[in-house]
file coords_22.cif (mmCIF, C-alpha atoms and all ligand atoms)
data_query
#
loop_
_atom_site.label_atom_id
_atom_site.label_comp_id
_atom_site.auth_asym_id
_atom_site.auth_seq_id
_atom_site.Cartn_x
_atom_site.Cartn_y
_atom_site.Cartn_z
CA LEU A 449 157.78 191.12 169.63
CA GLU A 450 158.89 191.11 173.23
CA ALA A 451 157.66 187.53 173.52
CA TYR A 452 159.89 186.33 170.67
CA PHE A 453 163.09 188.37 170.65
CA ASN A 454 165.85 188.23 173.20
CA ARG A 455 166.97 191.70 174.15
CA GLU A 456 170.33 190.46 175.43
CA TRP A 457 171.37 188.94 172.12
CA GLN A 458 174.11 190.55 170.05
CA PRO A 459 175.71 189.04 166.92
CA GLY A 460 178.56 186.78 168.02
CA ASP A 461 176.90 185.85 171.31
CA ASN A 462 177.04 182.08 171.55
CA GLN A 463 175.36 181.91 174.98
CA VAL A 464 172.03 183.49 174.09
CA ALA A 465 169.99 182.87 170.93
CA PRO A 466 168.24 185.82 169.24
CA ILE A 467 164.78 184.24 169.20
CA ASN A 468 162.89 182.41 171.90
CA LEU A 469 159.77 180.70 170.55
CA GLY A 470 159.42 178.26 173.45
CA ILE A 471 158.88 175.24 171.18
CA ASN A 472 160.49 171.82 171.44
CA PRO A 473 163.90 172.02 169.65
CA GLU A 474 163.44 168.38 168.55
CA LEU A 475 161.00 169.69 165.93
CA TYR A 476 164.07 171.06 164.16
CA THR A 477 166.35 168.00 164.33
CA ASP A 478 167.57 167.04 160.83
CA LEU A 479 164.64 168.99 159.40
CA GLN A 480 164.36 168.56 155.62
CA GLN A 481 161.01 170.06 154.66
CA ILE A 482 157.99 171.90 155.91
CA GLU A 483 154.32 171.39 154.97
CA ILE A 484 152.08 174.34 155.81
CA LEU A 485 148.36 173.58 156.22
CA ALA A 486 145.78 176.38 156.46
CA CYS A 487 142.66 178.00 154.98
CA GLY A 488 141.77 181.49 153.78
CA THR A 489 143.76 184.36 155.24
CA SER A 490 145.89 181.94 157.26
CA TRP A 491 146.85 180.25 153.98
CA HIS A 492 148.06 183.63 152.70
CA ALA A 493 150.19 184.01 155.84
CA GLY A 494 151.56 180.56 155.00
CA LEU A 495 152.64 181.78 151.54
CA VAL A 496 154.66 184.60 153.11
CA GLY A 497 155.98 181.97 155.56
CA LYS A 498 157.15 179.81 152.67
CA TYR A 499 159.08 182.72 151.18
CA LEU A 500 160.80 183.39 154.52
CA LEU A 501 161.54 179.74 155.37
CA GLU A 502 163.00 179.09 151.94
CA GLN A 503 164.87 182.37 151.40
CA LEU A 504 166.17 182.85 154.95
CA ALA A 505 166.52 179.30 156.28
CA GLY A 506 166.84 177.33 153.01
CA ILE A 507 164.13 174.80 153.91
CA PRO A 508 161.91 173.54 151.04
CA THR A 509 158.36 174.44 152.05
CA SER A 510 155.00 173.77 150.48
CA VAL A 511 151.79 175.57 151.33
CA ASN A 512 148.63 173.50 151.13
CA TYR A 513 144.96 174.33 151.36
CA ALA A 514 143.99 172.19 154.36
CA SER A 515 140.66 171.43 152.68
CA GLU A 516 142.53 169.84 149.74
CA TYR A 517 145.33 168.21 151.72
CA ARG A 518 142.88 165.87 153.41
CA TYR A 519 142.16 164.29 150.04
CA ALA A 520 145.49 164.80 148.26
CA PRO A 521 148.23 164.69 150.89
CA ALA A 522 151.89 165.28 150.09
CA PRO A 523 154.01 162.13 149.59
CA LEU A 524 155.28 160.74 152.88
CA ARG A 525 158.75 162.14 153.37
CA PRO A 526 161.12 161.92 156.35
CA TYR A 527 162.08 164.75 158.71
CA THR A 528 159.03 166.81 157.83
CA LEU A 529 157.48 169.50 160.01
CA ALA A 530 153.75 170.13 159.47
CA ILE A 531 152.63 173.61 160.51
CA GLY A 532 148.90 174.31 160.96
CA ILE A 533 147.90 177.98 161.02
CA SER A 534 144.51 179.12 162.26
CA GLN A 535 143.52 182.30 164.05
CA SER A 536 140.38 180.74 165.51
CA GLY A 537 142.13 177.42 166.14
CA GLU A 538 138.80 175.79 165.26
CA THR A 539 138.82 175.52 161.46
CA ALA A 540 137.70 171.94 160.78
CA ASP A 541 139.73 171.45 157.59
CA THR A 542 142.97 172.57 159.24
CA LEU A 543 142.38 170.35 162.27
CA ALA A 544 141.52 167.37 160.05
CA ALA A 545 144.62 167.82 157.87
CA LEU A 546 146.87 167.90 160.94
CA ALA A 547 145.13 164.89 162.48
CA MET A 548 145.56 162.98 159.24
CA GLU A 549 149.25 163.92 159.08
CA ASN A 550 149.67 162.59 162.62
CA GLN A 551 147.68 159.42 162.00
CA ARG A 552 149.38 158.37 158.77
CA ARG A 553 152.82 158.59 160.39
CA THR A 554 151.89 156.62 163.52
CA GLY A 555 154.00 153.44 163.85
CA LEU A 556 156.57 154.50 161.24
CA SER A 557 160.32 154.73 161.90
CA ALA A 558 161.79 157.69 163.78
CA ALA A 559 162.66 159.64 160.61
CA TYR A 560 159.01 159.54 159.51
CA GLN A 561 157.44 160.42 162.88
CA ALA A 562 154.94 163.27 162.75
CA ARG A 563 156.21 166.66 163.91
CA LEU A 564 153.36 169.09 164.37
CA LEU A 565 153.42 172.80 165.12
CA GLY A 566 150.47 175.20 165.42
CA ILE A 567 150.43 178.97 164.90
CA THR A 568 147.44 180.63 166.54
CA ASN A 569 146.32 183.48 168.76
CA ARG A 570 144.11 181.00 170.67
CA PRO A 571 146.32 178.37 172.36
CA GLU A 572 143.23 177.29 174.35
CA SER A 573 141.51 176.25 171.09
CA SER A 574 141.09 172.79 169.51
CA LEU A 575 144.31 173.42 167.57
CA GLY A 576 146.10 174.02 170.88
CA ASN A 577 144.72 170.73 172.20
CA LEU A 578 145.61 168.74 169.10
CA VAL A 579 149.21 169.92 168.70
CA ALA A 580 151.81 169.81 171.50
CA ASP A 581 153.82 172.76 170.22
CA ILE A 582 152.22 176.13 169.57
CA ILE A 583 153.53 179.53 168.61
CA ASN A 584 151.13 181.86 170.37
CA THR A 585 150.85 185.02 168.27
CA HIS A 586 149.47 186.96 171.26
CA ALA A 587 147.12 188.85 168.93
CA GLY A 588 143.99 188.43 171.04
CA ILE A 589 140.60 187.71 169.50
CA GLU A 590 139.43 189.21 166.20
CA ILE A 591 136.30 191.28 166.78
CA GLY A 592 135.17 190.92 163.19
CA VAL A 593 134.91 187.73 161.14
CA ALA A 594 137.52 188.78 158.55
CA ALA A 595 141.02 188.32 159.94
CA THR A 596 143.18 191.47 160.01
CA LYS A 597 145.34 191.95 163.14
CA THR A 598 145.75 188.18 163.50
CA PHE A 599 147.10 188.01 159.94
CA VAL A 600 149.83 190.52 160.76
CA ALA A 601 150.61 188.57 163.94
CA GLN A 602 150.82 185.29 161.98
CA LEU A 603 153.37 186.96 159.70
CA MET A 604 155.39 187.97 162.77
CA ALA A 605 155.38 184.35 163.93
CA PHE A 606 156.80 183.27 160.55
CA TYR A 607 159.54 185.93 160.63
CA SER A 608 160.51 184.64 164.07
CA LEU A 609 160.42 180.97 163.06
CA ALA A 610 162.43 181.59 159.88
CA LEU A 611 165.02 183.69 161.74
CA ASP A 612 165.32 181.07 164.49
CA LEU A 613 165.92 178.37 161.88
CA ALA A 614 168.32 180.59 159.91
CA TYR A 615 170.32 181.22 163.10
CA ARG A 616 170.50 177.54 164.03
CA ARG A 617 171.29 176.37 160.49
CA LYS A 618 173.72 179.25 159.89
CA THR A 619 172.08 180.16 156.60
CA LEU A 620 172.25 183.93 157.29
CA PRO A 621 175.06 186.11 158.63
CA GLU A 622 174.28 187.10 162.22
CA ALA A 623 174.60 190.78 161.30
CA ARG A 624 171.75 190.31 158.79
CA ILE A 625 169.64 188.56 161.46
CA GLU A 626 170.22 191.52 163.79
CA GLU A 627 169.33 193.94 160.98
CA ILE A 628 166.02 192.14 160.33
CA ILE A 629 165.18 192.06 164.05
CA GLN A 630 165.86 195.81 164.30
CA GLY A 631 163.60 196.35 161.28
CA LEU A 632 160.83 194.28 162.85
CA ARG A 633 161.09 196.34 166.03
CA GLN A 634 160.37 199.50 164.05
CA LEU A 635 157.24 198.14 162.39
CA PRO A 636 154.72 199.06 165.13
CA VAL A 637 155.62 202.76 164.81
CA GLN A 638 155.52 202.51 161.00
CA ILE A 639 152.11 200.80 161.10
CA GLU A 640 150.85 203.67 163.28
CA GLN A 641 152.20 206.09 160.65
CA VAL A 642 150.25 204.33 157.88
CA LEU A 643 147.08 204.32 159.97
CA SER A 644 147.31 207.99 160.93
CA SER A 645 148.50 209.37 157.58
CA GLN A 646 146.43 207.25 155.17
CA GLU A 647 143.08 206.58 156.76
CA GLY A 648 141.50 209.90 155.68
CA SER A 649 142.58 209.63 152.05
CA ILE A 650 141.58 205.95 151.84
CA GLU A 651 138.14 206.80 153.23
CA GLU A 652 137.82 209.46 150.53
CA LEU A 653 139.09 207.14 147.82
CA ALA A 654 136.46 204.56 148.82
CA HIS A 655 133.77 206.96 147.53
CA GLU A 656 135.06 206.40 144.02
CA PHE A 657 134.06 202.74 143.95
CA ALA A 658 130.31 202.93 144.57
CA GLU A 659 129.61 201.20 141.23
CA THR A 660 132.76 199.09 140.92
CA GLN A 661 132.18 195.37 140.39
CA ASP A 662 135.69 194.02 139.88
CA PHE A 663 139.13 194.77 141.29
CA ILE A 664 142.55 193.37 140.41
CA PHE A 665 145.46 193.26 142.89
CA LEU A 666 149.03 192.79 141.67
CA GLY A 667 152.16 191.91 143.64
CA ARG A 668 155.37 189.98 143.12
CA GLY A 669 157.80 188.02 145.26
CA ILE A 670 157.13 188.35 148.96
CA ASN A 671 154.20 190.67 148.23
CA PHE A 672 152.33 188.34 145.90
CA PRO A 673 150.47 186.79 148.89
CA ILE A 674 149.58 190.34 149.99
CA ALA A 675 147.88 190.89 146.62
CA LEU A 676 145.85 187.72 147.31
CA GLU A 677 145.02 188.93 150.81
CA GLY A 678 144.00 192.42 149.61
CA ALA A 679 141.61 190.78 147.14
CA LEU A 680 140.22 188.40 149.77
CA LYS A 681 139.52 191.20 152.27
CA LEU A 682 137.59 193.08 149.59
CA LYS A 683 135.58 189.99 148.65
CA GLU A 684 134.86 189.07 152.26
CA ILE A 685 133.55 192.40 153.52
CA SER A 686 132.63 194.46 150.42
CA TYR A 687 131.24 191.61 148.26
CA ILE A 688 133.20 192.98 145.29
CA HIS A 689 134.70 190.46 142.93
CA ALA A 690 138.46 190.78 143.31
CA GLU A 691 141.43 188.75 142.08
CA GLY A 692 145.04 188.81 143.18
CA TYR A 693 147.74 187.87 140.67
CA PRO A 694 151.51 187.74 140.53
CA ALA A 695 152.04 190.93 138.50
CA GLY A 696 154.03 189.13 135.78
CA GLU A 697 151.14 186.71 135.16
CA MET A 698 148.77 189.49 134.14
CA LYS A 699 149.86 189.41 130.53
CA HIS A 700 149.17 185.66 130.41
CA GLY A 701 145.41 186.12 130.58
CA PRO A 702 143.93 188.48 133.17
CA ILE A 703 144.96 191.53 131.15
CA ALA A 704 141.95 190.75 128.94
CA LEU A 705 139.71 191.77 131.86
CA LEU A 706 141.08 195.30 132.08
CA ASP A 707 139.22 198.44 131.11
CA ALA A 708 138.33 201.75 132.72
CA LYS A 709 135.83 200.03 135.01
CA VAL A 710 138.34 197.69 136.68
CA PRO A 711 140.67 199.39 139.18
CA VAL A 712 144.11 197.80 139.59
CA VAL A 713 145.96 197.93 142.89
CA ALA A 714 149.72 197.41 142.48
CA ILE A 715 151.96 196.68 145.46
CA ALA A 716 155.20 198.41 144.48
CA MET A 717 157.67 198.21 147.35
CA PRO A 718 161.32 199.08 146.62
CA GLY A 719 163.51 196.01 146.21
CA THR A 720 164.25 193.21 143.78
CA VAL A 721 160.90 193.27 141.92
CA TYR A 722 160.18 196.99 142.13
CA GLU A 723 160.95 197.98 138.53
CA LYS A 724 159.08 194.92 137.25
CA VAL A 725 155.93 195.76 139.22
CA ILE A 726 156.04 199.36 137.99
CA SER A 727 156.30 198.16 134.40
CA ASN A 728 153.41 195.66 134.92
CA ALA A 729 151.36 198.51 136.44
CA GLN A 730 152.07 200.68 133.42
CA GLU A 731 150.78 197.91 131.15
CA ALA A 732 147.52 198.01 133.12
CA LYS A 733 147.34 201.78 132.88
CA ALA A 734 147.73 201.55 129.11
CA ARG A 735 144.42 199.60 129.15
CA ASP A 736 142.70 202.57 130.87
CA ALA A 737 142.64 200.90 134.28
CA ARG A 738 142.53 203.22 137.28
CA LEU A 739 145.86 202.48 138.92
CA ILE A 740 146.26 202.54 142.70
CA GLY A 741 149.80 202.12 144.06
CA VAL A 742 150.79 200.84 147.48
CA THR A 743 154.24 202.40 147.56
CA PRO A 744 156.56 204.87 149.28
CA GLN A 745 156.96 208.18 147.44
CA ASN A 746 160.64 207.91 146.70
CA GLY A 747 163.02 207.85 143.80
CA PHE A 748 160.32 208.53 141.20
CA ASP A 749 157.19 210.56 140.79
CA ALA A 750 154.53 208.13 142.00
CA ALA A 751 151.83 210.61 140.99
CA GLU A 752 152.91 210.27 137.34
CA ILE A 753 152.45 206.51 137.35
CA PHE A 754 149.55 205.98 139.74
CA ASN A 755 146.15 207.65 139.77
CA ASP A 756 146.08 207.20 143.53
CA VAL A 757 148.85 206.43 146.01
CA LEU A 758 148.39 204.57 149.29
CA GLN A 759 151.63 205.65 150.88
CA VAL A 760 153.70 203.45 153.16
CA PRO A 761 157.14 204.14 154.73
CA VAL A 762 160.33 202.93 153.04
CA VAL A 763 161.31 199.62 154.58
CA ASP A 764 163.53 196.59 153.91
CA GLU A 765 161.78 194.64 151.12
CA LEU A 766 161.77 191.55 153.33
CA LEU A 767 159.59 193.33 155.90
CA SER A 768 157.35 195.14 153.42
CA PRO A 769 154.34 192.73 153.49
CA ILE A 770 153.50 193.81 157.04
CA LEU A 771 153.20 197.45 155.94
CA ALA A 772 151.68 196.80 152.50
CA VAL A 773 148.71 194.88 153.87
CA ILE A 774 147.53 197.71 156.18
CA PRO A 775 146.25 200.11 153.48
CA LEU A 776 144.59 197.16 151.71
CA GLN A 777 142.72 196.20 154.89
CA LEU A 778 141.69 199.86 155.29
CA LEU A 779 140.56 200.05 151.67
CA ALA A 780 138.32 196.98 152.04
CA TYR A 781 136.96 198.36 155.32
CA HIS A 782 136.09 201.79 153.92
CA ILE A 783 134.57 200.46 150.69
CA ALA A 784 132.35 198.14 152.77
CA ALA A 785 131.43 200.91 155.22
CA ARG A 786 130.64 203.26 152.33
CA ARG A 787 128.30 200.62 150.90
CA GLY A 788 126.52 200.43 154.24
CA LEU A 789 127.63 196.86 154.94
CA ASP A 790 128.29 195.29 158.32
CA VAL A 791 132.09 195.03 158.25
CA ASP A 792 132.24 192.82 161.33
CA GLN A 793 129.56 190.33 160.29
CA PRO A 794 129.77 189.78 156.53
CA ARG A 795 127.02 187.70 154.97
CA ASN A 796 127.60 183.95 154.54
CA LEU A 797 130.85 183.91 156.55
CA ALA A 798 131.37 182.18 159.89
CA LYS A 799 133.90 183.31 162.47
CA SER A 800 135.30 179.82 162.43
CA VAL A 801 134.37 177.23 159.84
CA THR A 802 133.78 174.16 161.97
CA VAL A 803 132.20 171.88 159.37
C1 LIG B 1 140.28 180.67 158.20
C2 LIG B 1 139.21 181.48 157.44
C3 LIG B 1 139.46 182.98 157.58
C4 LIG B 1 138.32 183.77 156.95
C5 LIG B 1 136.95 183.35 157.50
C6 LIG B 1 136.79 181.87 157.36
O1 LIG B 1 140.18 180.94 159.55
O2 LIG B 1 139.29 181.12 156.08
O3 LIG B 1 140.68 183.33 156.99
O4 LIG B 1 138.52 185.16 157.18
O5 LIG B 1 136.84 183.71 158.85
O6 LIG B 1 137.93 181.16 157.93
P1 LIG B 1 141.22 180.46 160.64
O7 LIG B 1 141.52 179.01 160.43
O8 LIG B 1 142.44 181.30 160.52
O9 LIG B 1 140.51 180.69 161.95
#

call {"tool": "encode", "arguments": {"input": "coords_22.cif", "output": "structure tokens"}}
result
Amino acid sequence: LEAYFNREWQPGDNQVAPINLGINPELYTDLQQIEILACGTSWHAGLVGKYLLEQLAGIPTSVNYASEYRYAPAPLRPYTLAIGISQSGETADTLAALAMENQRRTGLSAAYQARLLGITNRPESSLGNLVADIINTHAGIEIGVAATKTFVAQLMAFYSLALDLAYRRKTLPEARIEEIIQGLRQLPVQIEQVLSSQEGSIEELAHEFAETQDFIFLGRGINFPIALEGALKLKEISYIHAEGYPAGEMKHGPIALLDAKVPVVAIAMPGTVYEKVISNAQEAKARDARLIGVTPQNGFDAAEIFNDVLQVPVVDELLSPILAVIPLQLLAYHIAARRGLDVDQPRNLAKSVTV
């Protein structure tokens, strides 16, 4: 946080900008769209990034699996920024997609020139060498293979990028920018609260899933990617089949999977989609699913709706993904540990996929 946000800035200050990412401002000149390229957990961070870049800064953004982009690239468009995200900075598909983006624009007119940006915690990596401009997330190295702290740090990078663009393009009132920055500053304390208050109950809850073979994760809006990430963490380290869905899509098919043996985790953070998620969760409960809510206990009796509550503090909906993902990471960790699995070295997974 200290690396990105200017302490001196106040709304109305035209001398100092609120955010200092240290990247070349020419990346932003006449910017019309953004292509995000990433794999796995980093791709999920990209989906949250898309929400922020579109909703805060008004820039059309698409999020591509780097492994697919190599073979089905987006149409060549002018004034496009390609952002590669990789915690290891060594993922071959992400590097190849960025290299291809650079190569196919070589020799074209100025409007079509490649603009490349990397988001990584390893600026010394191959990604750092390939791309001139990097947002260093300062997250350090992941000890385990499955990305956790680096995911949260990638989200922070996207909040900072989207706010910087929103400030420059004047798509948000400065008072709202200040409000979001203040909210971001409070997150470390709130994350500590989730860790200290929830870890014991999540460890206990993990005992309930000794025989569980399938899990469903539901989220909407800015928390849909967090449902995907919760499911991926469970797959990666617990080897349990898990799917994340936008909660409103459940009735279009996945609801057929539900019975008492399939727990459903619903991310229900107060805000624009709150009531909708609660009603989607109730549909799941009506099919006998064990319902686990990631939610603050406020404004309604969470215990009446959910069988289990993974409690998080009340926070601005825009910032809620950073808090919602923590109990999901803990849940995957404790289910894996309970099953006697090596949470740091899951089978079949490489720390960085270099082929
Ligand atoms: C991408 C990724 C990780 C996943 C596993 C395999 O890594 O898909 O998200 O947990 O380690 O690689 P990266 O490009 O962010 O290093």

call {"tool": "axis_aligned_box", "arguments": {"input": "coords_22.cif", "around": "range 736-742 of chain A", "padding_each_side": "6 Å", "output": "JSON"}}
result
{"center_x": 146.7, "center_y": 202.0, "center_z": 139.2, "size_x": 20.3, "size_y": 14.4, "size_z": 28.6}

call {"tool": "closest_residue", "arguments": {"input": "coords_22.cif", "among": "A:Ala750, A:Val600, A:Ala737, A:Ala708", "to": "ligand LIG 1 (chain B)", "atoms": "all atoms listed in the file"}}
result
A:Val600

call {"tool": "closest_residue", "arguments": {"input": "coords_22.cif", "among": "A:Ser534, A:Gln561, A:Thr477, A:Gln463", "to": "Ser573 in chain A", "atoms": "all atoms listed in the file"}}
result
A:Ser534

call {"tool": "residues_near_ligand", "arguments": {"input": "coords_22.cif", "ligand": "ligand LIG 1 (chain B)", "cutoff": "6 Å", "atoms": "only C-alpha atoms and all ligand atoms", "output": "ChimeraX atom specification"}}
result
/A:487-490,534-537,539,593-595,798-801

call {"tool": "write_last_selection", "arguments": {"input": "coords_22.cif", "atoms": "C-alpha atoms", "output": "CSV table (one decimal), in the frame of the given file"}}
result
chain,number,residue,atom,x,y,z
A,487,CYS,CA,142.7,178.0,155.0
A,488,GLY,CA,141.8,181.5,153.8
A,489,THR,CA,143.8,184.4,155.2
A,490,SER,CA,145.9,181.9,157.3
A,534,SER,CA,144.5,179.1,162.3
A,535,GLN,CA,143.5,182.3,164.0
A,536,SER,CA,140.4,180.7,165.5
A,537,GLY,CA,142.1,177.4,166.1
A,539,THR,CA,138.8,175.5,161.5
A,593,VAL,CA,134.9,187.7,161.1
A,594,ALA,CA,137.5,188.8,158.6
A,595,ALA,CA,141.0,188.3,159.9
A,798,ALA,CA,131.4,182.2,159.9
A,799,LYS,CA,133.9,183.3,162.5
A,800,SER,CA,135.3,179.8,162.4
A,801,VAL,CA,134.4,177.2,159.8

call {"tool": "closest_residue", "arguments": {"input": "coords_22.cif", "among": "A:Ile467, A:Leu479, A:Ala520, A:Ile531", "to": "Pro508 in chain A", "atoms": "all atoms listed in the file"}}
result
A:Leu479

call {"tool": "closest_residue", "arguments": {"input": "coords_22.cif", "among": "A:Ser644, A:Asp749, A:Arg552, A:Ile783", "to": "Phe657 in chain A", "atoms": "all atoms listed in the file"}}
result
A:Ile783

call {"tool": "atom_distance", "arguments": {"input": "coords_22.cif", "atom1": "CA of Glu765 in chain A", "atom2": "CA of Glu691 in chain A"}}
result
23.0 Å

call {"tool": "closest_residue", "arguments": {"input": "coords_22.cif", "among": "A:Gly497, A:Gly576, A:Pro794, A:Pro526", "to": "Ser686 in chain A", "atoms": "all atoms listed in the file"}}
result
A:Pro794

call {"tool": "residues_around", "arguments": {"input": "coords_22.cif", "residues": "Ile715 in chain A", "least_positions_apart": "3", "cutoff": "12 Å", "atoms": "all atoms listed in the file", "output": "PyMOL selection string"}}
result
chain A and resi 664-678+692-695+712+718-719+721-729+739-744+754+757-760+765+768-769+771-776

call {"tool": "atom_distance", "arguments": {"input": "coords_22.cif", "atom1": "CA of Asn577 in chain A", "atom2": "CA of Thr596 in chain A"}}
result
24.1 Å

call {"tool": "closest_residue", "arguments": {"input": "coords_22.cif", "among": "A:Phe606, A:Tyr560, A:Phe453, A:Trp491", "to": "Tyr527 in chain A", "atoms": "only C-alpha atoms"}}
result
A:Tyr560

call {"tool": "atom_distance", "arguments": {"input": "coords_22.cif", "atom1": "CA of Thr542 in chain A", "atom2": "CA of Leu682 in chain A"}}
result
23.3 Å

call {"tool": "residues_around", "arguments": {"input": "coords_22.cif", "residues": "Ile582 in chain A", "least_positions_apart": "4", "cutoff": "8 Å", "atoms": "all atoms listed in the file", "output": "NGL selection string"}}
result
:A and (471 or 565-568 or 571 or 576)

call {"tool": "residues_near_point", "arguments": {"input": "coords_22.cif", "point": "(161.1, 173.0, 173.2)", "cutoff": "12 Å", "atoms": "only C-alpha atoms", "output": "PyMOL selection string"}}
result
chain A and resi 468-477+565+580-583

call {"tool": "decode", "arguments": {"input": "coords_22.cif", "residues": "range 602-620 of chain A", "atoms": "N, CA and C atoms", "output": "compact mmCIF listing (two decimals), in the first residue's frame"}}
result
# COMPACT_ATOMS: atom_id res chain seq x y z
N GLN A 602 -2.06 -9.15 -6.16
CA GLN A 602 -2.42 -8.83 -7.56
C GLN A 602 -3.70 -7.99 -7.58
N LEU A 603 -4.65 -8.35 -6.69
CA LEU A 603 -5.88 -7.54 -6.62
C LEU A 603 -5.54 -6.10 -6.24
N MET A 604 -4.65 -5.94 -5.27
CA MET A 604 -4.25 -4.58 -4.85
C MET A 604 -3.68 -3.80 -6.04
N ALA A 605 -2.89 -4.48 -6.85
CA ALA A 605 -2.30 -3.81 -8.02
C ALA A 605 -3.41 -3.32 -8.95
N PHE A 606 -4.45 -4.13 -9.13
CA PHE A 606 -5.56 -3.72 -10.01
C PHE A 606 -6.36 -2.57 -9.41
N TYR A 607 -6.59 -2.59 -8.08
CA TYR A 607 -7.27 -1.43 -7.49
C TYR A 607 -6.47 -0.17 -7.77
N SER A 608 -5.15 -0.26 -7.62
CA SER A 608 -4.30 0.92 -7.80
C SER A 608 -4.32 1.38 -9.25
N LEU A 609 -4.21 0.44 -10.18
CA LEU A 609 -4.21 0.78 -11.60
C LEU A 609 -5.55 1.42 -12.00
N ALA A 610 -6.65 0.80 -11.55
CA ALA A 610 -7.98 1.32 -11.92
C ALA A 610 -8.20 2.71 -11.32
N LEU A 611 -7.75 2.91 -10.08
CA LEU A 611 -7.92 4.23 -9.45
C LEU A 611 -7.06 5.28 -10.14
N ASP A 612 -5.83 4.88 -10.52
CA ASP A 612 -4.95 5.82 -11.22
C ASP A 612 -5.59 6.25 -12.54
N LEU A 613 -6.13 5.28 -13.27
CA LEU A 613 -6.79 5.60 -14.55
C LEU A 613 -8.05 6.42 -14.32
N ALA A 614 -8.81 6.07 -13.29
CA ALA A 614 -10.05 6.82 -13.00
C ALA A 614 -9.72 8.27 -12.67
N TYR A 615 -8.63 8.48 -11.92
CA TYR A 615 -8.21 9.84 -11.56
C TYR A 615 -7.82 10.62 -12.80
N ARG A 616 -7.01 9.99 -13.66
CA ARG A 616 -6.52 10.71 -14.85
C ARG A 616 -7.65 10.97 -15.85
N ARG A 617 -8.57 10.02 -15.97
CA ARG A 617 -9.65 10.16 -16.96
C ARG A 617 -10.87 10.86 -16.38
N LYS A 618 -10.79 11.18 -15.09
CA LYS A 618 -11.89 11.88 -14.39
C LYS A 618 -13.21 11.11 -14.51
N THR A 619 -13.14 9.81 -14.32
CA THR A 619 -14.36 9.01 -14.39
C THR A 619 -14.97 8.78 -13.00
N LEU A 620 -14.28 9.21 -11.95
CA LEU A 620 -14.80 9.08 -10.58
C LEU A 620 -14.60 10.40 -9.85
